[in-house]
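Asks: Enclosed is the structure file upload-v8.cif (mmCIF, C-alpha atoms).
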```cif
data_upload
#
loop_
_atom_site.label_atom_id
_atom_site.label_comp_id
_atom_site.auth_asym_id
_atom_site.auth_seq_id
_atom_site.Cartn_x
_atom_site.Cartn_y
_atom_site.Cartn_z
CA MET S 508 -1.29 29.75 -21.98
CA THR S 509 1.75 27.80 -23.18
CA ASP S 510 2.59 25.18 -25.75
CA SER S 511 3.99 22.71 -23.24
CA PHE S 512 4.81 21.96 -19.60
CA LEU S 513 7.81 20.16 -18.17
CA LEU S 514 7.45 18.67 -14.69
CA ILE S 515 10.58 18.13 -12.61
CA GLY S 516 10.70 16.29 -9.32
CA ASN S 517 11.48 13.01 -7.61
CA PHE S 518 10.08 10.37 -9.96
CA ASN S 519 11.86 7.46 -8.27
CA PRO S 520 9.18 6.24 -8.42
CA ILE S 521 6.57 8.71 -9.55
CA ASN S 522 3.80 9.02 -6.96
CA LEU S 523 0.08 9.42 -7.47
CA ASN S 524 0.13 13.15 -6.69
CA CYS S 525 2.58 13.73 -9.53
CA LEU S 526 0.32 11.70 -11.81
CA LYS S 527 -2.68 13.80 -10.77
CA ILE S 528 -0.75 16.94 -11.66
CA PHE S 529 0.26 15.46 -15.00
CA LEU S 530 -3.34 14.55 -15.89
CA ASN S 531 -4.64 18.01 -15.01
CA LEU S 532 -1.94 19.89 -16.91
CA SER S 533 -2.13 17.60 -19.95
CA LYS S 534 -5.70 18.81 -20.43
CA ILE S 535 -4.31 22.31 -20.97
CA ALA S 536 -1.16 21.65 -23.02
CA LYS S 537 1.39 19.01 -23.93
CA THR S 538 3.01 17.84 -20.68
CA TYR S 539 6.24 15.93 -20.09
CA LEU S 540 8.18 14.57 -17.14
CA PHE S 541 11.86 15.47 -16.92
CA ILE S 542 14.26 12.58 -16.23
CA ASP S 543 17.70 13.67 -15.14
CA THR S 544 20.19 11.40 -16.94
CA SER S 545 22.91 12.32 -14.45
CA LEU S 546 21.09 10.12 -11.92
CA SER S 547 22.45 6.59 -11.66
CA ASN S 548 18.93 5.12 -11.59
CA TYR S 549 17.35 7.10 -14.42
CA ARG S 550 16.76 3.91 -16.46
CA GLN S 551 14.78 2.52 -13.54
CA ILE S 552 12.61 5.63 -13.56
CA GLU S 553 11.98 5.11 -17.28
CA THR S 554 10.88 1.55 -16.54
CA TYR S 555 8.34 2.77 -13.98
CA ILE S 556 6.92 5.32 -16.42
CA ASN S 557 6.62 2.76 -19.21
CA LEU S 558 4.80 0.41 -16.84
CA ILE S 559 2.31 3.15 -15.96
CA LYS S 560 1.73 3.91 -19.66
CA THR S 561 0.18 0.45 -20.08
CA ASP S 562 -2.78 1.90 -18.15
CA SER S 563 -5.00 3.68 -20.68
CA THR S 564 -5.49 6.55 -18.23
CA TYR S 565 -1.82 7.43 -18.58
CA SER S 566 -1.16 6.33 -22.16
CA ASN S 567 0.03 9.86 -23.04
CA LEU S 568 2.56 9.94 -20.19
CA GLU S 569 5.80 11.08 -21.83
CA PHE S 570 9.21 12.14 -20.60
CA ILE S 571 12.19 14.15 -21.77
CA GLU S 572 15.70 13.01 -20.88
CA GLY S 573 18.54 15.39 -20.18
CA LYS S 574 20.72 17.10 -17.64
CA LYS S 575 19.76 20.09 -15.55
CA ASP S 576 21.57 22.49 -17.89
CA ASP S 577 19.20 21.38 -20.66
CA LEU S 578 16.31 22.89 -18.72
CA LEU S 579 17.60 26.35 -19.57
CA SER S 580 16.66 25.87 -23.21
CA PHE S 581 13.24 24.29 -22.72
CA ASP S 582 10.61 26.16 -24.72
CA GLY S 583 7.65 26.10 -22.35
CA LYS S 584 6.78 26.36 -18.68
CA ILE S 585 8.84 24.37 -16.20
CA ILE S 586 7.08 23.37 -12.98
CA LEU S 587 9.03 22.18 -9.95
CA LEU S 588 7.09 19.63 -7.92
CA GLU S 589 9.67 19.37 -5.14
CA LYS S 590 9.61 21.49 -2.00
CA ASP S 591 13.40 21.79 -1.98
CA GLU S 592 14.34 24.36 -4.62
CA THR S 593 18.08 24.54 -3.92
CA ASN S 594 19.10 22.22 -6.79
CA TYR S 595 17.34 24.33 -9.40
CA SER S 596 18.73 27.82 -8.84
CA GLY S 597 19.19 29.74 -12.06
CA ILE S 598 16.37 27.87 -13.81
CA ASN S 599 13.18 29.74 -14.67
CA TYR S 600 10.46 27.57 -13.11
CA LEU S 601 7.13 27.85 -11.35
CA PRO S 602 7.01 26.38 -7.84
CA CYS S 603 4.25 24.01 -6.80
CA LYS S 604 2.28 24.90 -3.68
CA TYR S 605 0.40 22.12 -1.92
CA ASP S 606 -2.70 21.96 0.30
CA CYS S 607 -4.45 24.82 -1.48
CA ASN S 608 -8.19 25.21 -1.99
CA GLU S 609 -8.21 24.19 -5.63
CA PHE S 610 -6.06 23.13 -8.57
CA LYS S 611 -4.99 26.40 -10.20
CA LEU S 612 -2.14 27.51 -12.44
CA SER S 613 -1.06 31.17 -12.38
CA ASN S 614 1.96 33.13 -13.56
CA ASP S 615 3.51 32.75 -10.10
CA CYS S 616 2.94 29.11 -9.18
CA LEU S 617 0.91 25.95 -9.53
CA GLU S 618 -1.52 25.44 -6.66
CA VAL S 619 -2.81 21.92 -5.98
CA ASN S 620 -5.54 20.85 -3.59
CA PHE S 621 -3.77 17.89 -1.98
CA PRO S 622 -0.82 17.55 0.42
CA TYR S 623 2.80 17.11 -0.55
CA PHE S 624 4.02 13.54 -0.77
CA ASP S 625 7.66 12.43 -0.73
CA SER S 626 8.31 9.50 -3.07
CA ASN S 627 11.02 8.26 -0.72
CA GLN S 628 8.18 6.92 1.46
CA ILE S 629 7.49 4.38 -1.29
CA LEU S 630 11.07 3.14 -1.31
CA THR S 631 11.09 2.70 2.47
CA GLY S 632 7.68 0.97 2.52
CA LYS S 633 6.04 3.59 4.72
CA ASN S 634 3.36 4.46 2.15
CA LEU S 635 3.04 2.81 -1.27
CA TYR S 636 1.32 5.81 -2.87
CA THR S 637 2.08 5.04 -6.50
CA HIS S 638 0.55 3.22 -9.46
CA ILE S 639 -0.26 -0.46 -8.89
CA GLU S 640 2.03 -1.52 -11.76
CA VAL S 641 4.97 0.16 -10.04
CA ILE S 642 4.18 -1.36 -6.66
CA ASN S 643 3.91 -4.82 -8.15
CA TYR S 644 7.18 -4.37 -10.03
CA ILE S 645 8.97 -3.42 -6.80
CA VAL S 646 7.45 -6.32 -4.88
CA SER S 647 7.99 -8.84 -7.69
CA TYR S 648 11.68 -7.98 -8.00
CA ARG S 649 12.13 -7.53 -4.23
CA LEU S 650 13.48 -4.01 -4.54
CA TYR S 651 13.96 -1.46 -1.74
CA PHE S 652 11.62 -2.23 1.20
CA ALA S 653 10.46 -5.47 -0.46
CA LYS S 654 13.97 -6.89 -0.12
CA THR S 655 13.65 -6.62 3.65
CA LEU S 656 10.09 -7.94 3.61
CA SER S 657 11.02 -11.01 1.58
CA SER S 658 14.04 -11.73 3.79
CA LYS S 659 11.73 -12.21 6.79
CA LEU S 660 9.28 -14.54 5.03
CA SER S 661 9.45 -17.95 3.43
CA LYS S 662 9.03 -18.03 -0.35
CA MET S 663 5.47 -19.36 -0.14
CA ARG S 664 4.53 -16.89 2.61
CA TYR S 665 5.82 -14.02 0.50
CA ILE S 666 3.75 -15.18 -2.48
CA HIS S 667 0.73 -15.54 -0.18
CA CYS S 668 1.11 -11.93 1.01
CA PHE S 669 1.64 -10.67 -2.55
CA ASN S 670 -1.52 -12.45 -3.74
CA ILE S 671 -3.62 -11.07 -0.90
CA ALA S 672 -2.29 -7.57 -1.53
CA ASN S 673 -3.44 -7.66 -5.16
CA LEU S 674 -6.81 -9.19 -4.33
CA ALA S 675 -7.33 -6.58 -1.61
CA TYR S 676 -6.47 -3.80 -4.07
CA LYS S 677 -9.05 -5.00 -6.60
CA ILE S 678 -11.84 -5.52 -4.06
CA ALA S 679 -11.12 -2.20 -2.34
CA LYS S 680 -11.51 -0.31 -5.64
CA LEU S 681 -14.90 -1.95 -6.18
CA ASN S 682 -16.06 -1.25 -2.62
CA ASN S 683 -15.07 2.43 -2.32
CA LEU S 684 -12.07 1.79 -0.08
CA ASP S 685 -8.54 3.13 -0.46
CA PRO S 686 -6.90 0.48 -2.68
CA ILE S 687 -3.34 1.43 -1.67
CA LYS S 688 -4.18 1.08 2.02
CA ALA S 689 -5.86 -2.27 1.34
CA TYR S 690 -2.81 -3.42 -0.63
CA MET S 691 -0.49 -2.52 2.24
CA CYS S 692 -2.71 -4.37 4.73
CA GLY S 693 -2.50 -7.48 2.58
CA LEU S 694 1.20 -7.23 1.80
CA TYR S 695 2.24 -6.71 5.43
CA HIS S 696 -0.27 -8.88 7.29
CA ASP S 697 2.09 -11.86 7.80
CA PHE S 698 5.34 -9.90 8.12
CA THR S 699 6.19 -11.49 11.48
CA ARG S 700 4.81 -14.96 10.72
CA SER S 701 7.93 -16.82 9.55
CA SER S 702 10.96 -15.37 11.30
CA CYS S 703 11.82 -16.35 14.88
CA GLU S 704 13.46 -12.93 15.14
CA PHE S 705 10.15 -11.38 16.11
CA ILE S 706 9.86 -13.37 19.32
CA LYS S 707 11.48 -10.30 20.85
CA TYR S 708 8.07 -8.59 20.69
CA ARG S 709 6.30 -11.23 22.77
CA PRO S 710 6.76 -9.46 26.12
CA LEU S 711 5.08 -6.40 24.59
CA ILE S 712 2.20 -8.54 23.34
CA ASP S 713 1.75 -10.33 26.65
CA ALA S 714 1.73 -7.04 28.54
CA LYS S 715 -0.89 -5.57 26.21
CA TYR S 716 -3.19 -8.54 25.54
CA SER S 717 -2.74 -11.21 28.25
CA LYS S 718 -5.77 -9.92 30.16
CA TYR S 719 -7.90 -11.02 27.20
CA TYR S 720 -6.61 -14.56 26.92
CA LYS S 721 -5.91 -15.42 30.56
CA GLY S 722 -2.17 -15.85 30.12
CA TYR S 723 -2.36 -18.09 27.04
CA LEU S 724 -2.51 -17.08 23.41
CA PRO S 725 -2.29 -19.71 20.66
CA SER S 726 1.14 -19.47 19.01
CA GLU S 727 -0.36 -19.01 15.53
CA MET S 728 -2.03 -15.78 16.71
CA TYR S 729 1.06 -13.97 17.97
CA HIS S 730 2.05 -12.69 14.55
CA GLN S 731 -1.16 -10.69 14.10
CA PHE S 732 -0.14 -8.61 17.12
CA THR S 733 3.63 -8.48 16.61
CA ALA S 734 3.31 -7.15 13.03
CA GLU S 735 2.44 -3.69 14.31
CA PHE S 736 5.68 -3.37 16.26
CA ALA S 737 7.77 -4.71 13.37
CA LEU S 738 6.16 -2.42 10.80
CA LYS S 739 6.99 0.59 12.95
CA GLU S 740 10.57 -0.57 13.39
CA TYR S 741 11.39 -1.63 9.83
CA PHE S 742 9.22 0.52 7.56
CA ASP S 743 8.02 3.37 9.82
CA VAL S 744 4.41 2.55 8.95
CA SER S 745 2.19 4.75 11.12
CA ASP S 746 -1.31 4.20 9.72
CA GLU S 747 -3.54 2.92 12.53
CA GLU S 748 -6.10 1.57 10.04
CA ILE S 749 -3.42 -0.74 8.67
CA TYR S 750 -2.56 -1.91 12.18
CA LEU S 751 -6.21 -2.56 12.98
CA ALA S 752 -6.69 -4.60 9.81
CA ILE S 753 -3.66 -6.78 10.58
CA ARG S 754 -4.17 -7.01 14.34
CA TYR S 755 -7.12 -9.43 14.16
CA HIS S 756 -6.72 -11.06 10.75
CA THR S 757 -6.30 -14.53 12.30
CA SER S 758 -8.70 -14.43 15.23
CA GLY S 759 -11.26 -11.87 14.13
CA ASN S 760 -12.77 -9.49 16.69
CA GLN S 761 -15.85 -7.40 17.33
CA ASN S 762 -16.43 -4.09 15.52
CA MET S 763 -14.00 -4.89 12.73
CA SER S 764 -13.24 -2.21 10.13
CA LYS S 765 -13.88 -2.86 6.46
CA TYR S 766 -10.15 -3.30 5.91
CA ALA S 767 -9.98 -5.79 8.78
CA LYS S 768 -12.89 -7.80 7.36
CA LEU S 769 -11.28 -7.77 3.93
CA ILE S 770 -7.89 -9.06 5.12
CA TYR S 771 -9.46 -11.65 7.44
CA ALA S 772 -11.54 -13.03 4.60
CA LEU S 773 -8.80 -13.00 1.97
CA ASP S 774 -6.34 -14.67 4.33
CA LYS S 775 -8.73 -17.61 4.58
CA ILE S 776 -9.58 -17.93 0.86
CA GLU S 777 -6.36 -16.84 -0.91
CA PRO S 778 -5.95 -19.01 -4.06
CA THR S 779 -2.87 -20.94 -2.83
CA ARG S 780 -5.08 -22.54 -0.17
CA SER S 781 -6.04 -26.13 -0.98
CA TYR S 782 -9.72 -25.60 -1.85
CA ASP S 783 -11.88 -23.80 -4.38
CA SER S 784 -12.76 -20.41 -2.92
CA SER S 785 -13.77 -18.68 -6.16
CA MET S 786 -17.39 -18.09 -5.14
CA MET S 787 -16.34 -16.66 -1.78
CA TYR S 788 -14.13 -14.21 -3.66
CA VAL S 789 -17.03 -13.23 -5.96
CA ASN S 790 -19.21 -12.65 -2.89
CA LEU S 791 -16.56 -10.35 -1.40
CA VAL S 792 -16.42 -8.37 -4.63
CA ASN S 793 -20.20 -7.99 -4.77
CA ASP S 794 -20.74 -7.18 -1.09
CA LEU S 795 -17.82 -6.97 1.33
CA GLU S 796 -19.98 -7.27 4.46
CA SER S 797 -21.95 -10.36 3.47
CA GLY S 798 -18.88 -11.86 1.80
CA PHE S 799 -16.92 -11.53 5.04
CA LYS S 800 -19.71 -13.19 7.03
CA GLY S 801 -19.79 -16.04 4.53
CA VAL S 802 -16.05 -16.66 4.92
CA LEU S 803 -16.31 -16.39 8.71
CA LYS S 804 -19.11 -18.95 8.81
CA ALA S 805 -17.26 -21.35 6.50
CA ASN S 806 -14.10 -21.04 8.56
CA LYS S 807 -15.97 -21.78 11.79
CA GLU S 808 -17.59 -24.85 10.25
CA TYR S 809 -14.19 -26.11 9.08
CA LEU S 810 -12.64 -25.66 12.53
CA ASP S 811 -15.62 -27.37 14.15
CA GLN S 812 -15.42 -30.35 11.79
CA HIS S 813 -11.71 -30.83 12.50
CA ASN S 814 -12.03 -30.25 16.26
CA ILE S 815 -9.61 -27.31 16.13
CA ASP S 816 -9.70 -25.16 19.25
CA GLN S 817 -11.10 -21.70 18.52
CA ASP S 818 -12.09 -20.76 22.05
CA ASN S 819 -10.39 -17.42 22.58
CA TYR S 820 -11.65 -14.03 23.61
CA PHE S 821 -11.36 -12.29 20.24
CA THR S 822 -12.82 -15.07 18.10
CA ASN S 823 -15.75 -15.50 20.48
CA LEU S 824 -16.52 -11.78 20.22
CA CYS S 825 -16.30 -12.02 16.43
CA TYR S 826 -18.71 -14.98 16.23
CA LYS S 827 -21.11 -13.37 18.66
CA GLN S 828 -21.39 -10.16 16.65
CA TYR S 829 -21.29 -11.42 13.07
CA LEU S 830 -22.77 -14.93 13.26
CA SER S 831 -25.47 -14.46 15.87
CA ASN S 832 -28.24 -13.86 13.33
#
```
Just dump the structure as structure tokens.
Replies:
Amino acid sequence: MTDSFLLIGNFNPINLNCLKIFLNLSKIAKTYLFIDTSLSNYRQIETYINLIKTDSTYSNLEFIEGKKDDLLSFDGKIILLEKDETNYSGINYLPCKYDCNEFKLSNDCLEVNFPYFDSNQILTGKNLYTHIEVINYIVSYRLYFAKTLSSKLSKMRYIHCFNIANLAYKIAKLNNLDPIKAYMCGLYHDFTRSSCEFIKYRPLIDAKYSKYYKGYLPSEMYHQFTAEFALKEYFDVSDEEIYLAIRYHTSGNQNMSKYAKLIYALDKIEPTRSYDSSMMYVNLVNDLESGFKGVLKANKEYLDQHNIDQDNYFTNLCYKQYLSN
């Protein structure tokens, strides 16, 4: 084959598809990522790569710095991961073709058996399809989409969402769910909770849901419905599973998805709450279904003891289905 591969593409930040390609090719020969030093943010890209290298799976993730002219002298095969080839004319590279039947390298191209993903979706918050260390770095430092997210939430609410996102990621991995999707559900679930700006969505909510609550919906429940409209507007999120998980995270509902059960439960037991919920968390890790029911039961008992009104259409359906036995 060849002594080495050099992958070029949009690594700001590197997405999981690029990492899959790296892992596959590194089994064949020494593989590097190319970081274009003419980019103003190339140091940021280096930071992301070094964060990912702390994961033993990617400990051999290496990069070569340079300018595009330096590619002409690279002694090995260059593979272009981007769909747009216009910036690399004159360079001898193999194109990458996506959505093929298998992962296969030939003399004409690299074929990969997954769809193309644009890393710009990560920066805009549409899809956080990158390594968890990179996501957490972006959220911790309030970069890109996270700057907007944090501006709409109080400091404590932002921390609450960040904590739930990470807990959801860990539990999802242990329960055969998509951890990135679970993370996004947790991170975004309270997006419209703090800012009065989102009152503009109330007419939409009333038109869609008033038939279920007879003209009255408790104020603390509005944000679970308004989040969907805000996520479309601000981050162009279009994943219906994420909407479903957020839509009933306060009230609960019947026929809840696994993501919905996960976010409902974590929202109630997140560590910044004022009680020890460690065993409830362990139960969620061991068995998501029974763990969710345990949290639901404990939450109902708490509301009953404090005479807090929970008589609404969605919560009643939730209790009837999951606590009837």
Asks: Counting only C-alpha atoms, write as number ranges by chain all protein and nucleic acid residues lying at most 10 Å from (9.5, 21.3, 0.7) in the file's frame.
Replies: S: 588-592, 603-605, 623-625
Asks: Which residue is closest to Arg754 of chain S? Choose from S:Asn790, S:Phe821, S:Ile571, S:Lys807 and count only C-alpha atoms.
Replies: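 Checking each candidate against Arg754 of chain S, we get S:Phe821 as the closest.
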Asks: Closest to Pro622 of chain S among S:Ser702, S:Thr733, S:Asn670, S:Asn524, using only C-alpha atoms?
Replies: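 Using only C-alpha atoms, Pro622 of chain S sits closest to S:Asn524.
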Asks: For His696 of chain S, work out the shell of residues within 8 Å, counting all atoms listed in the file and skipping chain neighbours fewer than 3 positions away, then give it as a VMD selection string.
Replies: chain S and resid 668 692 to 693 731 734 753 756 770
Asks: Can you list, as a PDB file with C-alpha atoms, in the frame of the given file, the residues that the PyMOL selection byres ((chain S and resi 565) around 12) selects here?
Replies:
```pdb
ATOM      1  CA  LEU S 523       0.080   9.420  -7.470  1.00  0.00           C
ATOM      2  CA  CYS S 525       2.580  13.730  -9.530  1.00  0.00           C
ATOM      3  CA  LEU S 526       0.320  11.700 -11.810  1.00  0.00           C
ATOM      4  CA  LYS S 527      -2.680  13.800 -10.770  1.00  0.00           C
ATOM      5  CA  ILE S 528      -0.750  16.940 -11.660  1.00  0.00           C
ATOM      6  CA  PHE S 529       0.260  15.460 -15.000  1.00  0.00           C
ATOM      7  CA  LEU S 530      -3.340  14.550 -15.890  1.00  0.00           C
ATOM      8  CA  ASN S 531      -4.640  18.010 -15.010  1.00  0.00           C
ATOM      9  CA  SER S 533      -2.130  17.600 -19.950  1.00  0.00           C
ATOM     10  CA  THR S 538       3.010  17.840 -20.680  1.00  0.00           C
ATOM     11  CA  TYR S 539       6.240  15.930 -20.090  1.00  0.00           C
ATOM     12  CA  ILE S 556       6.920   5.320 -16.420  1.00  0.00           C
ATOM     13  CA  ASN S 557       6.620   2.760 -19.210  1.00  0.00           C
ATOM     14  CA  LEU S 558       4.800   0.410 -16.840  1.00  0.00           C
ATOM     15  CA  ILE S 559       2.310   3.150 -15.960  1.00  0.00           C
ATOM     16  CA  LYS S 560       1.730   3.910 -19.660  1.00  0.00           C
ATOM     17  CA  THR S 561       0.180   0.450 -20.080  1.00  0.00           C
ATOM     18  CA  ASP S 562      -2.780   1.900 -18.150  1.00  0.00           C
ATOM     19  CA  SER S 563      -5.000   3.680 -20.680  1.00  0.00           C
ATOM     20  CA  THR S 564      -5.490   6.550 -18.230  1.00  0.00           C
ATOM     21  CA  SER S 566      -1.160   6.330 -22.160  1.00  0.00           C
ATOM     22  CA  ASN S 567       0.030   9.860 -23.040  1.00  0.00           C
ATOM     23  CA  LEU S 568       2.560   9.940 -20.190  1.00  0.00           C
ATOM     24  CA  GLU S 569       5.800  11.080 -21.830  1.00  0.00           C
ATOM     25  CA  HIS S 638       0.550   3.220  -9.460  1.00  0.00           C
ATOM     26  CA  GLU S 640       2.030  -1.520 -11.760  1.00  0.00           C
TER      27      GLU S 640
END
```
Asks: I need the output of the PyMOL selection byres ((chain S and resi 709) around 12) for this file as a ChimeraX atom specification; which residues are they?
Replies: /S:699,703-708,710-717,723-724,726,728-737
Asks: Write out as a PDB file with C-alpha atoms, keeping the file's coordinate frame the residues lying within 10 Å of segment 593-601 of chain S, counting all atoms listed in the file and excluding same-chain residues fewer than 4 positions away.
Replies:
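Written output follows (selection22.pdb):
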```pdb
ATOM      1  CA  LEU S 513       7.810  20.160 -18.170  1.00  0.00           C
ATOM      2  CA  LEU S 514       7.450  18.670 -14.690  1.00  0.00           C
ATOM      3  CA  ILE S 515      10.580  18.130 -12.610  1.00  0.00           C
ATOM      4  CA  LYS S 575      19.760  20.090 -15.550  1.00  0.00           C
ATOM      5  CA  ASP S 576      21.570  22.490 -17.890  1.00  0.00           C
ATOM      6  CA  ASP S 577      19.200  21.380 -20.660  1.00  0.00           C
ATOM      7  CA  LEU S 578      16.310  22.890 -18.720  1.00  0.00           C
ATOM      8  CA  LEU S 579      17.600  26.350 -19.570  1.00  0.00           C
ATOM      9  CA  SER S 580      16.660  25.870 -23.210  1.00  0.00           C
ATOM     10  CA  PHE S 581      13.240  24.290 -22.720  1.00  0.00           C
ATOM     11  CA  GLY S 583       7.650  26.100 -22.350  1.00  0.00           C
ATOM     12  CA  LYS S 584       6.780  26.360 -18.680  1.00  0.00           C
ATOM     13  CA  ILE S 585       8.840  24.370 -16.200  1.00  0.00           C
ATOM     14  CA  ILE S 586       7.080  23.370 -12.980  1.00  0.00           C
ATOM     15  CA  LEU S 587       9.030  22.180  -9.950  1.00  0.00           C
ATOM     16  CA  LEU S 588       7.090  19.630  -7.920  1.00  0.00           C
ATOM     17  CA  GLU S 589       9.670  19.370  -5.140  1.00  0.00           C
ATOM     18  CA  LEU S 612      -2.140  27.510 -12.440  1.00  0.00           C
ATOM     19  CA  SER S 613      -1.060  31.170 -12.380  1.00  0.00           C
ATOM     20  CA  ASN S 614       1.960  33.130 -13.560  1.00  0.00           C
ATOM     21  CA  ASP S 615       3.510  32.750 -10.100  1.00  0.00           C
ATOM     22  CA  CYS S 616       2.940  29.110  -9.180  1.00  0.00           C
ATOM     23  CA  LEU S 617       0.910  25.950  -9.530  1.00  0.00           C
TER      24      LEU S 617
END
```
Asks: Counting only C-alpha atoms, which residue out of S:Ile552, S:Asn793, S:Thr544, S:Tyr644 sits closest to Glu572 of chain S?
Replies: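 The shortest atom-to-atom distance to Glu572 of chain S comes from S:Thr544.
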Asks: Would you mind reading off the distance between atom CA of Ser797 of chain S and atom CA of Ser785 of chain S, one decimal, in Å?
Replies: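 Going from atom CA of Ser797 of chain S over to atom CA of Ser785 of chain S covers 15.1 Å.
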Asks: Asn760 of chain S: which residues within 10 Å, counting all atoms listed in the file, same-chain residues fewer than 6 positions away excluded, as JSON, numbers by chain?
Replies: {"S": [754, 767, 768, 820, 821, 822, 823, 824, 825, 826, 827, 828, 829]}
Asks: Selection in question (the file shown): the PyMOL selection byres ((chain S and resi 690) around 9). Which residues does it include, as JSON, numbers by chain?
Replies: {"S": [635, 669, 671, 672, 673, 674, 675, 676, 677, 679, 685, 686, 687, 688, 689, 691, 692, 693, 694, 695]}
Asks: Around all of segment 568-571 of chain S's listed atoms, make the axis-aligned box with 6 Å on each side and tell me centre and edge lengths in Å to one decimal, as JSON.
Replies:
```
{"center_x": 7.4, "center_y": 12.0, "center_z": -21.0, "size_x": 21.6, "size_y": 16.2, "size_z": 13.6}
```
Asks: Report the distance between atom CA of Val789 of chain S and atom CA of Phe698 of chain S in Å, rounded to one decimal place.
Replies: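 Between atom CA of Val789 of chain S and atom CA of Phe698 of chain S the gap is 26.6 Å.
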Asks: Please check which residues have atoms at most 6 Å from (10.6, 2.3, 5.7) in the file's coordinates, counting all atoms listed in the file, and write them as a list in words.
Replies: Thr631, Gly632, Lys633, Tyr741, Phe742 and Asp743 of chain S
Asks: To one decimal place in Å, what is the distance between atom CA of Lys800 of chain S and atom CA of Leu738 of chain S?
Replies: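 Spanning atom CA of Lys800 of chain S to atom CA of Leu738 of chain S is a straight-line distance of 28.3 Å.
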